[in-house]
$ cat work-v2.cif   # mmCIF, C-alpha atoms and all ligand atoms
data_protein
loop_
_atom_site.group_PDB
_atom_site.id
_atom_site.type_symbol
_atom_site.label_atom_id
_atom_site.label_comp_id
_atom_site.auth_asym_id
_atom_site.auth_seq_id
_atom_site.Cartn_x
_atom_site.Cartn_y
_atom_site.Cartn_z
ATOM 1 C CA MET G 1 -24.809 76.744 17.026
ATOM 2 C CA GLU G 2 -22.424 79.680 17.446
ATOM 3 C CA ALA G 3 -23.817 83.200 16.921
ATOM 4 C CA VAL G 4 -20.783 84.341 14.929
ATOM 5 C CA VAL G 5 -18.194 82.220 13.178
ATOM 6 C CA ALA G 6 -15.287 83.538 11.092
ATOM 7 C CA ARG G 7 -13.293 80.896 9.234
ATOM 8 C CA GLY G 8 -10.131 81.626 7.285
ATOM 9 C CA LEU G 9 -11.317 85.204 6.782
ATOM 10 C CA THR G 10 -9.108 87.391 4.622
ATOM 11 C CA TYR G 11 -9.806 90.807 3.146
ATOM 12 C CA ARG G 12 -8.192 93.288 0.750
ATOM 13 C CA TYR G 13 -9.761 96.622 -0.183
ATOM 14 C CA GLN G 14 -8.793 96.105 -3.818
ATOM 15 C CA PRO G 15 -7.553 93.219 -5.946
ATOM 16 C CA GLY G 16 -3.785 92.973 -5.590
ATOM 17 C CA GLY G 17 -3.860 95.390 -2.631
ATOM 18 C CA PRO G 18 -2.415 94.568 0.783
ATOM 19 C CA LEU G 19 -4.083 91.891 2.898
ATOM 20 C CA VAL G 20 -5.832 93.806 5.668
ATOM 21 C CA LEU G 21 -7.234 90.678 7.371
ATOM 22 C CA LYS G 22 -5.105 87.528 7.341
ATOM 23 C CA ASP G 23 -6.712 84.158 7.891
ATOM 24 C CA ILE G 24 -8.883 85.123 10.867
ATOM 25 C CA ASP G 25 -10.619 82.335 12.796
ATOM 26 C CA PHE G 26 -12.836 82.835 15.830
ATOM 27 C CA HIS G 27 -16.350 82.352 17.097
ATOM 28 C CA VAL G 28 -18.639 84.157 19.523
ATOM 29 C CA SER G 29 -21.465 82.432 21.372
ATOM 30 C CA ARG G 30 -24.831 83.732 22.445
ATOM 31 C CA GLY G 31 -24.572 85.454 25.820
ATOM 32 C CA GLU G 32 -20.927 86.295 25.249
ATOM 33 C CA ILE G 33 -19.081 89.590 24.888
ATOM 34 C CA ALA G 34 -15.940 89.443 22.776
ATOM 35 C CA ALA G 35 -13.779 92.557 22.833
ATOM 36 C CA VAL G 36 -11.441 93.253 19.924
ATOM 37 C CA THR G 37 -8.327 95.302 20.471
ATOM 38 C CA GLY G 38 -5.076 96.183 18.749
ATOM 39 C CA LEU G 39 -3.212 99.248 17.554
ATOM 40 C CA SER G 40 -4.682 101.703 15.090
ATOM 41 C CA GLY G 41 -4.688 100.331 11.534
ATOM 42 C CA CYS G 42 -4.511 96.644 12.568
ATOM 43 C CA GLY G 43 -7.858 95.868 10.911
ATOM 44 C CA LYS G 44 -10.437 96.118 13.701
ATOM 45 C CA SER G 45 -12.950 98.207 11.739
ATOM 46 C CA THR G 46 -12.449 96.076 8.631
ATOM 47 C CA LEU G 47 -13.211 92.978 10.704
ATOM 48 C CA CYS G 48 -16.443 94.657 11.886
ATOM 49 C CA TYR G 49 -17.447 95.460 8.277
ATOM 50 C CA CYS G 50 -16.854 91.830 7.280
ATOM 51 C CA ILE G 51 -18.937 90.477 10.159
ATOM 52 C CA CYS G 52 -21.888 92.760 9.500
ATOM 53 C CA GLY G 53 -21.765 92.407 5.720
ATOM 54 C CA ALA G 54 -21.023 96.122 5.170
ATOM 55 C CA VAL G 55 -17.950 95.050 3.278
ATOM 56 C CA HIS G 56 -20.120 94.096 0.328
ATOM 57 C CA HIS G 57 -20.720 97.822 -0.302
ATOM 58 C CA ASN G 58 -17.115 98.050 -1.494
ATOM 59 C CA ARG G 59 -17.313 96.380 -4.889
ATOM 60 C CA ASP G 60 -13.532 96.315 -5.299
ATOM 61 C CA GLY G 61 -12.995 94.505 -2.002
ATOM 62 C CA VAL G 62 -11.949 90.861 -2.025
ATOM 63 C CA MET G 63 -13.090 88.734 0.888
ATOM 64 C CA THR G 64 -12.228 85.060 1.162
ATOM 65 C CA GLY G 65 -13.148 82.570 3.859
ATOM 66 C CA GLN G 66 -16.476 82.534 5.627
ATOM 67 C CA VAL G 67 -18.586 84.503 8.051
ATOM 68 C CA LEU G 68 -21.590 82.712 9.514
ATOM 69 C CA LEU G 69 -24.261 84.448 11.605
ATOM 70 C CA ASN G 70 -26.367 81.930 13.489
ATOM 71 C CA GLY G 71 -25.282 79.370 10.919
ATOM 72 C CA LYS G 72 -26.186 81.540 7.911
ATOM 73 C CA ASN G 73 -23.493 82.511 5.453
ATOM 74 C CA ILE G 74 -23.553 86.327 5.165
ATOM 75 C CA ARG G 75 -22.884 86.103 1.427
ATOM 76 C CA GLU G 76 -26.273 84.473 1.038
ATOM 77 C CA LEU G 77 -28.238 86.973 3.137
ATOM 78 C CA ARG G 78 -29.996 89.910 1.502
ATOM 79 C CA ALA G 79 -29.592 93.322 3.133
ATOM 80 C CA ALA G 80 -33.001 93.180 4.854
ATOM 81 C CA SER G 81 -32.350 89.733 6.370
ATOM 82 C CA LEU G 82 -28.835 90.745 7.342
ATOM 83 C CA ALA G 83 -30.232 93.647 9.382
ATOM 84 C CA LEU G 84 -32.254 91.171 11.436
ATOM 85 C CA GLU G 85 -29.163 89.068 12.189
ATOM 86 C CA VAL G 86 -26.640 91.750 13.062
ATOM 87 C CA GLY G 87 -26.592 95.416 14.082
ATOM 88 C CA MET G 88 -23.485 97.537 13.882
ATOM 89 C CA VAL G 89 -22.524 100.873 15.408
ATOM 90 C CA PHE G 90 -19.847 102.445 13.205
ATOM 91 C CA GLN G 91 -16.738 104.161 14.466
ATOM 92 C CA ASP G 92 -18.016 107.350 12.824
ATOM 93 C CA PRO G 93 -21.655 107.646 13.964
ATOM 94 C CA ASP G 94 -22.394 110.421 11.446
ATOM 95 C CA THR G 95 -22.521 107.715 8.780
ATOM 96 C CA GLN G 96 -25.648 106.241 10.338
ATOM 97 C CA LEU G 97 -27.649 109.138 11.833
ATOM 98 C CA PHE G 98 -30.158 110.864 9.590
ATOM 99 C CA SER G 99 -33.361 111.637 11.533
ATOM 100 C CA PRO G 100 -34.437 115.039 12.912
ATOM 101 C CA THR G 101 -34.808 113.815 16.501
ATOM 102 C CA VAL G 102 -33.248 111.107 18.661
ATOM 103 C CA GLU G 103 -36.644 109.489 19.092
ATOM 104 C CA ASP G 104 -37.261 109.356 15.316
ATOM 105 C CA GLU G 105 -33.810 107.902 14.817
ATOM 106 C CA ILE G 106 -34.539 105.024 17.189
ATOM 107 C CA ALA G 107 -38.041 104.454 15.787
ATOM 108 C CA PHE G 108 -36.848 104.380 12.173
ATOM 109 C CA ALA G 109 -35.843 100.710 11.914
ATOM 110 C CA PRO G 110 -38.838 99.226 13.794
ATOM 111 C CA GLU G 111 -41.125 101.436 11.665
ATOM 112 C CA ASN G 112 -39.510 99.982 8.561
ATOM 113 C CA LEU G 113 -40.197 96.515 9.903
ATOM 114 C CA CYS G 114 -43.875 97.611 10.068
ATOM 115 C CA LEU G 115 -44.126 96.602 13.724
ATOM 116 C CA PRO G 116 -47.364 97.588 15.481
ATOM 117 C CA PRO G 117 -47.162 101.181 16.870
ATOM 118 C CA ALA G 118 -47.394 100.017 20.492
ATOM 119 C CA GLN G 119 -44.420 97.719 19.999
ATOM 120 C CA ILE G 120 -42.439 100.480 18.298
ATOM 121 C CA ARG G 121 -43.098 102.780 21.261
ATOM 122 C CA GLU G 122 -42.027 100.057 23.643
ATOM 123 C CA ARG G 123 -38.758 99.430 21.802
ATOM 124 C CA VAL G 124 -37.982 103.145 21.610
ATOM 125 C CA GLU G 125 -38.645 103.618 25.339
ATOM 126 C CA GLN G 126 -36.560 100.569 26.250
ATOM 127 C CA ALA G 127 -33.613 101.739 24.160
ATOM 128 C CA LEU G 128 -33.832 105.317 25.531
ATOM 129 C CA ASP G 129 -34.001 103.952 29.050
ATOM 130 C CA LEU G 130 -31.197 101.396 28.654
ATOM 131 C CA LEU G 131 -28.759 104.052 27.434
ATOM 132 C CA GLY G 132 -29.956 106.937 29.609
ATOM 133 C CA LEU G 133 -31.071 108.996 26.612
ATOM 134 C CA ALA G 134 -34.602 109.935 27.703
ATOM 135 C CA ALA G 135 -33.700 113.590 28.318
ATOM 136 C CA LEU G 136 -32.373 113.862 24.754
ATOM 137 C CA ARG G 137 -35.395 112.358 22.995
ATOM 138 C CA GLU G 138 -36.303 115.623 21.210
ATOM 139 C CA ALA G 139 -32.717 116.569 20.416
ATOM 140 C CA ASN G 140 -31.323 116.712 16.899
ATOM 141 C CA PRO G 141 -28.736 113.908 16.622
ATOM 142 C CA TYR G 142 -26.412 116.113 14.554
ATOM 143 C CA ARG G 143 -26.064 118.610 17.402
ATOM 144 C CA LEU G 144 -24.987 116.001 19.967
ATOM 145 C CA SER G 145 -21.437 115.277 21.083
ATOM 146 C CA GLY G 146 -19.514 112.399 19.489
ATOM 147 C CA GLY G 147 -20.160 110.203 22.519
ATOM 148 C CA GLU G 148 -23.888 110.973 22.561
ATOM 149 C CA LYS G 149 -24.102 110.246 18.827
ATOM 150 C CA HIS G 150 -22.628 106.809 19.495
ATOM 151 C CA LEU G 151 -25.255 106.212 22.188
ATOM 152 C CA VAL G 152 -28.048 107.200 19.779
ATOM 153 C CA ALA G 153 -26.650 104.974 17.027
ATOM 154 C CA LEU G 154 -26.470 102.108 19.525
ATOM 155 C CA ALA G 155 -30.047 102.758 20.690
ATOM 156 C CA ALA G 156 -31.225 102.732 17.060
ATOM 157 C CA VAL G 157 -29.493 99.399 16.478
ATOM 158 C CA LEU G 158 -30.957 97.922 19.683
ATOM 159 C CA ALA G 159 -34.466 98.865 18.543
ATOM 160 C CA LEU G 160 -34.085 96.240 15.784
ATOM 161 C CA ASP G 161 -33.291 93.643 18.464
ATOM 162 C CA PRO G 162 -30.671 91.729 16.441
ATOM 163 C CA PRO G 163 -29.062 88.642 18.039
ATOM 164 C CA VAL G 164 -25.563 89.879 17.145
ATOM 165 C CA LEU G 165 -24.225 93.367 17.923
ATOM 166 C CA VAL G 166 -20.997 94.837 16.591
ATOM 167 C CA LEU G 167 -19.760 98.059 18.184
ATOM 168 C CA ASP G 168 -16.757 99.885 16.765
ATOM 169 C CA GLU G 169 -15.067 102.047 19.435
ATOM 170 C CA VAL G 170 -18.340 103.226 20.903
ATOM 171 C CA MET G 171 -16.784 103.971 24.283
ATOM 172 C CA SER G 172 -13.877 106.076 23.041
ATOM 173 C CA GLN G 173 -15.614 109.450 23.055
ATOM 174 C CA LEU G 174 -17.716 108.910 26.177
ATOM 175 C CA ASP G 175 -17.000 110.300 29.609
ATOM 176 C CA GLN G 176 -16.712 107.901 32.562
ATOM 177 C CA ALA G 177 -20.471 108.025 33.273
ATOM 178 C CA GLY G 178 -21.255 107.286 29.615
ATOM 179 C CA LYS G 179 -18.774 104.397 29.565
ATOM 180 C CA LYS G 180 -20.399 102.937 32.672
ATOM 181 C CA ARG G 181 -23.824 103.215 31.070
ATOM 182 C CA VAL G 182 -22.664 101.403 27.926
ATOM 183 C CA ALA G 183 -20.871 98.752 30.011
ATOM 184 C CA ALA G 184 -24.067 98.155 32.009
ATOM 185 C CA ALA G 185 -26.099 97.980 28.791
ATOM 186 C CA LEU G 186 -23.682 95.471 27.236
ATOM 187 C CA LYS G 187 -23.789 93.281 30.341
ATOM 188 C CA ARG G 188 -27.571 93.358 30.215
ATOM 189 C CA LEU G 189 -27.544 92.432 26.514
ATOM 190 C CA ARG G 190 -25.212 89.552 27.335
ATOM 191 C CA ASP G 191 -27.685 88.361 29.990
ATOM 192 C CA MET G 192 -30.420 88.545 27.346
ATOM 193 C CA GLY G 193 -28.401 86.090 25.244
ATOM 194 C CA LYS G 194 -26.999 88.489 22.635
ATOM 195 C CA ALA G 195 -23.575 87.955 21.119
ATOM 196 C CA VAL G 196 -21.631 91.211 21.377
ATOM 197 C CA ILE G 197 -18.433 92.116 19.533
ATOM 198 C CA ALA G 198 -17.006 95.329 20.963
ATOM 199 C CA VAL G 199 -13.942 96.916 19.412
ATOM 200 C CA GLU G 200 -12.073 99.128 21.864
ATOM 201 C CA HIS G 201 -8.657 100.636 21.827
ATOM 202 C CA ASN G 202 -8.943 101.444 25.517
ATOM 203 C CA LEU G 203 -8.819 98.196 27.475
ATOM 204 C CA GLU G 204 -10.400 99.502 30.680
ATOM 205 C CA ALA G 205 -13.565 100.009 28.664
ATOM 206 C CA VAL G 206 -13.871 96.280 27.904
ATOM 207 C CA SER G 207 -12.239 94.574 30.873
ATOM 208 C CA PHE G 208 -15.628 92.935 31.580
ATOM 209 C CA ALA G 209 -15.671 91.167 28.188
ATOM 210 C CA ASP G 210 -15.637 87.373 28.327
ATOM 211 C CA ARG G 211 -12.986 87.061 25.672
ATOM 212 C CA LEU G 212 -10.399 89.380 24.206
ATOM 213 C CA LEU G 213 -9.384 89.198 20.565
ATOM 214 C CA VAL G 214 -5.972 90.774 20.104
ATOM 215 C CA MET G 215 -5.116 91.835 16.566
ATOM 216 C CA GLU G 216 -1.812 92.900 15.067
ATOM 217 C CA LYS G 217 -1.265 93.910 11.431
ATOM 218 C CA GLY G 218 -4.315 92.049 10.185
ATOM 219 C CA GLU G 219 -3.678 88.892 12.194
ATOM 220 C CA LEU G 220 -5.613 87.593 15.154
ATOM 221 C CA LEU G 221 -2.912 86.804 17.702
ATOM 222 C CA SER G 222 -5.092 85.564 20.512
ATOM 223 C CA CYS G 223 -8.713 85.112 21.469
ATOM 224 C CA GLY G 224 -8.478 83.886 25.060
ATOM 225 C CA ARG G 225 -10.219 84.782 28.308
ATOM 226 C CA THR G 226 -10.017 88.528 28.957
ATOM 227 C CA ALA G 227 -8.768 88.231 32.551
ATOM 228 C CA GLU G 228 -5.967 85.849 31.547
ATOM 229 C CA LEU G 229 -4.805 88.022 28.655
ATOM 230 C CA LEU G 230 -4.929 91.248 30.662
ATOM 231 C CA ALA G 231 -2.896 89.565 33.404
ATOM 232 C CA ASP G 232 -0.212 88.672 30.836
ATOM 233 C CA ARG G 233 1.353 92.123 30.873
ATOM 234 C CA GLU G 234 4.384 90.976 28.943
ATOM 235 C CA PHE G 235 2.240 89.783 26.009
ATOM 236 C CA MET G 236 0.039 92.895 26.057
ATOM 237 C CA GLU G 237 2.916 95.351 26.371
ATOM 238 C CA ALA G 238 4.802 93.630 23.554
ATOM 239 C CA ARG G 239 1.727 94.409 21.415
ATOM 240 C CA GLY G 240 1.853 98.050 22.528
ATOM 241 C CA LEU G 241 -1.320 97.591 24.580
ATOM 242 C CA ILE G 242 -1.458 98.994 28.077
ATOM 243 C CA TYR G 243 -4.095 98.143 30.627
ATOM 244 C CA ASP G 244 -4.620 100.348 33.691
ATOM 245 C CA PRO G 245 -7.041 98.710 36.095
ATOM 246 C CA PRO G 246 -9.623 99.134 37.509
ATOM 247 C CA GLY G 247 -12.014 98.607 34.610
ATOM 248 C CA LEU G 248 -15.729 99.326 34.509
HETATM 249 N N1 LIG M 301 -11.407 102.112 2.337
HETATM 250 C C1 LIG M 301 -10.155 101.647 2.443
HETATM 251 N N2 LIG M 301 -9.401 101.443 1.347
HETATM 252 C C2 LIG M 301 -8.144 100.967 1.430
HETATM 253 N N3 LIG M 301 -7.525 100.659 2.591
HETATM 254 C C3 LIG M 301 -8.220 100.844 3.723
HETATM 255 C C4 LIG M 301 -9.569 101.336 3.714
HETATM 256 N N4 LIG M 301 -10.005 101.416 4.992
HETATM 257 C C5 LIG M 301 -8.985 100.984 5.748
HETATM 258 N N5 LIG M 301 -7.917 100.638 5.005
HETATM 259 C C6 LIG M 301 -6.623 100.118 5.487
HETATM 260 O O1 LIG M 301 -6.865 98.876 6.131
HETATM 261 C C7 LIG M 301 -6.044 98.738 7.302
HETATM 262 C C8 LIG M 301 -6.936 98.439 8.495
HETATM 263 O O2 LIG M 301 -7.755 99.569 8.755
HETATM 264 P P1 LIG M 301 -8.901 99.549 9.843
HETATM 265 O O3 LIG M 301 -9.694 98.320 9.669
HETATM 266 O O4 LIG M 301 -9.604 100.851 9.765
HETATM 267 O O5 LIG M 301 -8.028 99.442 11.182
HETATM 268 P P2 LIG M 301 -8.424 99.829 12.688
HETATM 269 O O6 LIG M 301 -9.892 99.906 12.791
HETATM 270 O O7 LIG M 301 -7.803 98.729 13.520
HETATM 271 O O8 LIG M 301 -7.751 101.138 12.968
HETATM 272 C C9 LIG M 301 -5.249 100.021 7.406
HETATM 273 O O9 LIG M 301 -3.969 99.792 6.852
HETATM 274 C C10 LIG M 301 -6.028 101.003 6.576
HETATM 275 O O10 LIG M 301 -5.185 101.968 6.022
HETATM 276 MG MG MG M 302 -11.164 101.414 13.424
#

$ encode --input "work-v2.cif" --output "structure tokens"
Amino acid sequence: MEAVVARGLTYRYQPGGPLVLKDIDFHVSRGEIAAVTGLSGCGKSTLCYCICGAVHHNRDGVMTGQVLLNGKNIRELRAASLALEVGMVFQDPDTQLFSPTVEDEIAFAPENLCLPPAQIRERVEQALDLLGLAALREANPYRLSGGEKHLVALAAVLALDPPVLVLDEVMSQLDQAGKKRVAAALKRLRDMGKAVIAVEHNLEAVSFADRLLVMEKGELLSCGRTAELLADREFMEARGLIYDPPGL
């Protein structure tokens, strides 16, 4: 069974409004990283909201088609079950950080799951370690840089250990060292059998993805092998997408 399936997915932010996603079909397997790219405004963030169910917070929005997470239709999952299936890091990390310290932020979700304290500690330490955040454990998330906030939001999502991860431009505000750390973490998550959907404008940041979903004006133009698509410079440049190797 595929980890993520989108079938005939369409979305408008309000009834009668423009179609922001147009008949999107794709799937992502366990142990696979799918990068999503395309110009600003093409619908990448909206696609993320649909996959993680956040779109249901917009009562005016009209979604048609289907999104399945490990075979479960997201429309039928309650918020608490949804959080166990998929974790998302938003493009604006301020929307999801609310604890006084980095450590508290990461512990929040496992505490809510009422995991035993030893297991909570273990998850927090693993997430801090995986993303190189140990030195910032006492820091106030609000005072961190944009890139560091993304790392903390990602660590907090990882502490829930969901099988599907959706990251919306997490690399964009990181320096080269930060990008390398996230790339290494994503590769490790792939090895652990997670399905990762990583939106990135900057293609170097996701050149290691197994597949590349290229979007244009709400349509999914291609979802082939990353190396093959990046090698097709004519196709990429016609989409306004430029790739400068080497990647991470
Ligand atoms: N809350 C919203 N209400 C109405 N339209 C929106 C909203 N958010 C985004 N859009 C529109 O949806 C389209 C896709 O936006 P978005 O998914 O943010 O694209 P991307 O992430 O690729 O930049 C854009 O035309 C944008 O203006
Ligand atoms: Mg976006």

$ closest_atom_pairs --input "work-v2.cif" --of "chain G" --to "ligand MG 302 (chain M)" --cutoff "10 Å" --atoms "all atoms listed in the file" --output "Markdown table"
| residue | atom | partner | partner_atom | distance |
| --- | --- | --- | --- | --- |
| G:Thr37 | CA | M:MG302 | MG | 9.8 |
| G:Gly38 | CA | M:MG302 | MG | 9.6 |
| G:Leu39 | CA | M:MG302 | MG | 9.2 |
| G:Ser40 | CA | M:MG302 | MG | 6.7 |
| G:Gly41 | CA | M:MG302 | MG | 6.8 |
| G:Cys42 | CA | M:MG302 | MG | 8.2 |
| G:Gly43 | CA | M:MG302 | MG | 6.9 |
| G:Lys44 | CA | M:MG302 | MG | 5.4 |
| G:Ser45 | CA | M:MG302 | MG | 4.0 |
| G:Thr46 | CA | M:MG302 | MG | 7.3 |
| G:Leu47 | CA | M:MG302 | MG | 9.1 |
| G:Cys48 | CA | M:MG302 | MG | 8.7 |
| G:Phe90 | CA | M:MG302 | MG | 8.7 |
| G:Gln91 | CA | M:MG302 | MG | 6.3 |
| G:Asp92 | CA | M:MG302 | MG | 9.1 |
| G:Asp168 | CA | M:MG302 | MG | 6.7 |
| G:Glu169 | CA | M:MG302 | MG | 7.2 |
| G:Val199 | CA | M:MG302 | MG | 8.0 |
| G:Glu200 | CA | M:MG302 | MG | 8.8 |
| G:His201 | CA | M:MG302 | MG | 8.8 |

$ closest_residue --input "work-v2.cif" --among "G:Phe26, G:Ala3, G:Tyr13, G:Leu68" --to "G:His56" --atoms "only C-alpha atoms"
G:Tyr13

$ atom_distance --input "work-v2.cif" --atom1 "atom CA of G:Glu138" --atom2 "atom CA of G:Cys114"
22.5 Å

$ resolve_selection --input "work-v2.cif" --expression "the PyMOL selection byres (((chain G and resi 84-87) around 7) and not hetatm)" --output "MDAnalysis selection string"
chainID G and resid 52 69 80:83 88:89 157 160 162:166

$ resolve_selection --input "work-v2.cif" --expression "the PyMOL selection byres (((chain G and resi 227-235) around 9) and not hetatm)" --output "PyMOL selection string"
chain G and resi 203+207-212+222-226+236-243

$ closest_residue --input "work-v2.cif" --among "G:Val4, G:Leu220, G:Leu144, G:Leu186" --to "ligand LIG 301 (chain M)" --atoms "all atoms listed in the file"
G:Leu220

$ axis_aligned_box --input "work-v2.cif" --around "stretch 233-248 of chain G" --padding-each-side "3 Å" --output "lines of an AutoDock Vina configuration file"
center_x = -5.5
center_y = 95.1
center_z = 29.5
size_x = 26.5
size_y = 16.6
size_z = 22.1

$ closest_residue --input "work-v2.cif" --among "G:Val170, G:Ala107, G:Leu189, G:Val20" --to "ligand LIG 301 (chain M)" --atoms "all atoms listed in the file"
G:Val20

$ closest_residue --input "work-v2.cif" --among "G:Asp191, G:Glu122, G:Asp60, G:Asp23" --to "ligand LIG 301 (chain M)" --atoms "all atoms listed in the file"
G:Asp60

$ atom_distance --input "work-v2.cif" --atom1 "atom CA of G:Pro245" --atom2 "atom CA of G:Leu151"
24.1 Å

$ resolve_selection --input "work-v2.cif" --expression "the PyMOL selection byres (((chain G and resi 183) around 9) and not hetatm)" --output "MDAnalysis selection string"
chainID G and resid 171 178:182 184:188 205:206 208 248

$ atom_distance --input "work-v2.cif" --atom1 "atom CA of G:Val124" --atom2 "atom CA of G:Tyr142"
18.8 Å

$ closest_residue --input "work-v2.cif" --among "G:Ala198, G:Gln119, G:Glu148, G:Pro141" --to "G:Asp161" --atoms "all atoms listed in the file"
G:Gln119

$ closest_residue --input "work-v2.cif" --among "G:Val196, G:Leu174, G:Ile51, G:Ala134" --to "G:His150" --atoms "all atoms listed in the file"
G:Leu174

$ residues_around --input "work-v2.cif" --residues "G:Met63" --least-positions-apart "3" --cutoff "12 Å" --atoms "only C-alpha atoms" --output "ChimeraX atom specification"
/G:6-15,17,19-24,46-47,49-51,53-60,66-67,74-75

$ write_last_selection --input "work-v2.cif" --atoms "C-alpha atoms" --output "PDB file, in the frame of the given file"
ATOM      1  CA  ALA G   6     -15.287  83.538  11.092  1.00  0.00           C
ATOM      2  CA  ARG G   7     -13.293  80.896   9.234  1.00  0.00           C
ATOM      3  CA  GLY G   8     -10.131  81.626   7.285  1.00  0.00           C
ATOM      4  CA  LEU G   9     -11.317  85.204   6.782  1.00  0.00           C
ATOM      5  CA  THR G  10      -9.108  87.391   4.622  1.00  0.00           C
ATOM      6  CA  TYR G  11      -9.806  90.807   3.146  1.00  0.00           C
ATOM      7  CA  ARG G  12      -8.192  93.288   0.750  1.00  0.00           C
ATOM      8  CA  TYR G  13      -9.761  96.622  -0.183  1.00  0.00           C
ATOM      9  CA  GLN G  14      -8.793  96.105  -3.818  1.00  0.00           C
ATOM     10  CA  PRO G  15      -7.553  93.219  -5.946  1.00  0.00           C
ATOM     11  CA  GLY G  17      -3.860  95.390  -2.631  1.00  0.00           C
ATOM     12  CA  LEU G  19      -4.083  91.891   2.898  1.00  0.00           C
ATOM     13  CA  VAL G  20      -5.832  93.806   5.668  1.00  0.00           C
ATOM     14  CA  LEU G  21      -7.234  90.678   7.371  1.00  0.00           C
ATOM     15  CA  LYS G  22      -5.105  87.528   7.341  1.00  0.00           C
ATOM     16  CA  ASP G  23      -6.712  84.158   7.891  1.00  0.00           C
ATOM     17  CA  ILE G  24      -8.883  85.123  10.867  1.00  0.00           C
ATOM     18  CA  THR G  46     -12.449  96.076   8.631  1.00  0.00           C
ATOM     19  CA  LEU G  47     -13.211  92.978  10.704  1.00  0.00           C
ATOM     20  CA  TYR G  49     -17.447  95.460   8.277  1.00  0.00           C
ATOM     21  CA  CYS G  50     -16.854  91.830   7.280  1.00  0.00           C
ATOM     22  CA  ILE G  51     -18.937  90.477  10.159  1.00  0.00           C
ATOM     23  CA  GLY G  53     -21.765  92.407   5.720  1.00  0.00           C
ATOM     24  CA  ALA G  54     -21.023  96.122   5.170  1.00  0.00           C
ATOM     25  CA  VAL G  55     -17.950  95.050   3.278  1.00  0.00           C
ATOM     26  CA  HIS G  56     -20.120  94.096   0.328  1.00  0.00           C
ATOM     27  CA  HIS G  57     -20.720  97.822  -0.302  1.00  0.00           C
ATOM     28  CA  ASN G  58     -17.115  98.050  -1.494  1.00  0.00           C
ATOM     29  CA  ARG G  59     -17.313  96.380  -4.889  1.00  0.00           C
ATOM     30  CA  ASP G  60     -13.532  96.315  -5.299  1.00  0.00           C
ATOM     31  CA  GLN G  66     -16.476  82.534   5.627  1.00  0.00           C
ATOM     32  CA  VAL G  67     -18.586  84.503   8.051  1.00  0.00           C
ATOM     33  CA  ILE G  74     -23.553  86.327   5.165  1.00  0.00           C
ATOM     34  CA  ARG G  75     -22.884  86.103   1.427  1.00  0.00           C
TER      35      ARG G  75
END

$ residues_near_point --input "work-v2.cif" --point "(-30.9, 101.3, 16.9)" --cutoff "8 Å" --atoms "all atoms listed in the file" --output "PyMOL selection string"
chain G and resi 87+105-107+109+127+152-160

$ decode --input "work-v2.cif" --residues "stretch 173-193 of chain G" --atoms "C-alpha atoms" --output "PDB file, in the first residue's frame"
ATOM      1  CA  GLN G 173      16.329  29.987   4.968  1.00  0.00           C
ATOM      2  CA  LEU G 174      19.153  27.670   6.019  1.00  0.00           C
ATOM      3  CA  ASP G 175      22.829  28.202   5.365  1.00  0.00           C
ATOM      4  CA  GLN G 176      24.800  25.498   3.533  1.00  0.00           C
ATOM      5  CA  ALA G 177      25.626  23.637   6.774  1.00  0.00           C
ATOM      6  CA  GLY G 178      21.957  23.681   7.812  1.00  0.00           C
ATOM      7  CA  LYS G 179      20.869  22.442   4.379  1.00  0.00           C
ATOM      8  CA  LYS G 180      23.358  19.582   4.613  1.00  0.00           C
ATOM      9  CA  ARG G 181      22.045  18.658   8.049  1.00  0.00           C
ATOM     10  CA  VAL G 182      18.442  18.572   6.812  1.00  0.00           C
ATOM     11  CA  ALA G 183      19.467  16.608   3.700  1.00  0.00           C
ATOM     12  CA  ALA G 184      21.247  14.045   5.898  1.00  0.00           C
ATOM     13  CA  ALA G 185      18.218  13.851   8.202  1.00  0.00           C
ATOM     14  CA  LEU G 186      15.841  13.324   5.264  1.00  0.00           C
ATOM     15  CA  LYS G 187      18.038  10.567   3.843  1.00  0.00           C
ATOM     16  CA  ARG G 188      18.060   8.892   7.237  1.00  0.00           C
ATOM     17  CA  LEU G 189      14.264   9.171   7.486  1.00  0.00           C
ATOM     18  CA  ARG G 190      14.004   7.625   4.029  1.00  0.00           C
ATOM     19  CA  ASP G 191      16.181   4.719   5.212  1.00  0.00           C
ATOM     20  CA  MET G 192      13.836   4.335   8.187  1.00  0.00           C
ATOM     21  CA  GLY G 193      10.974   3.821   5.724  1.00  0.00           C
TER      22      GLY G 193
END
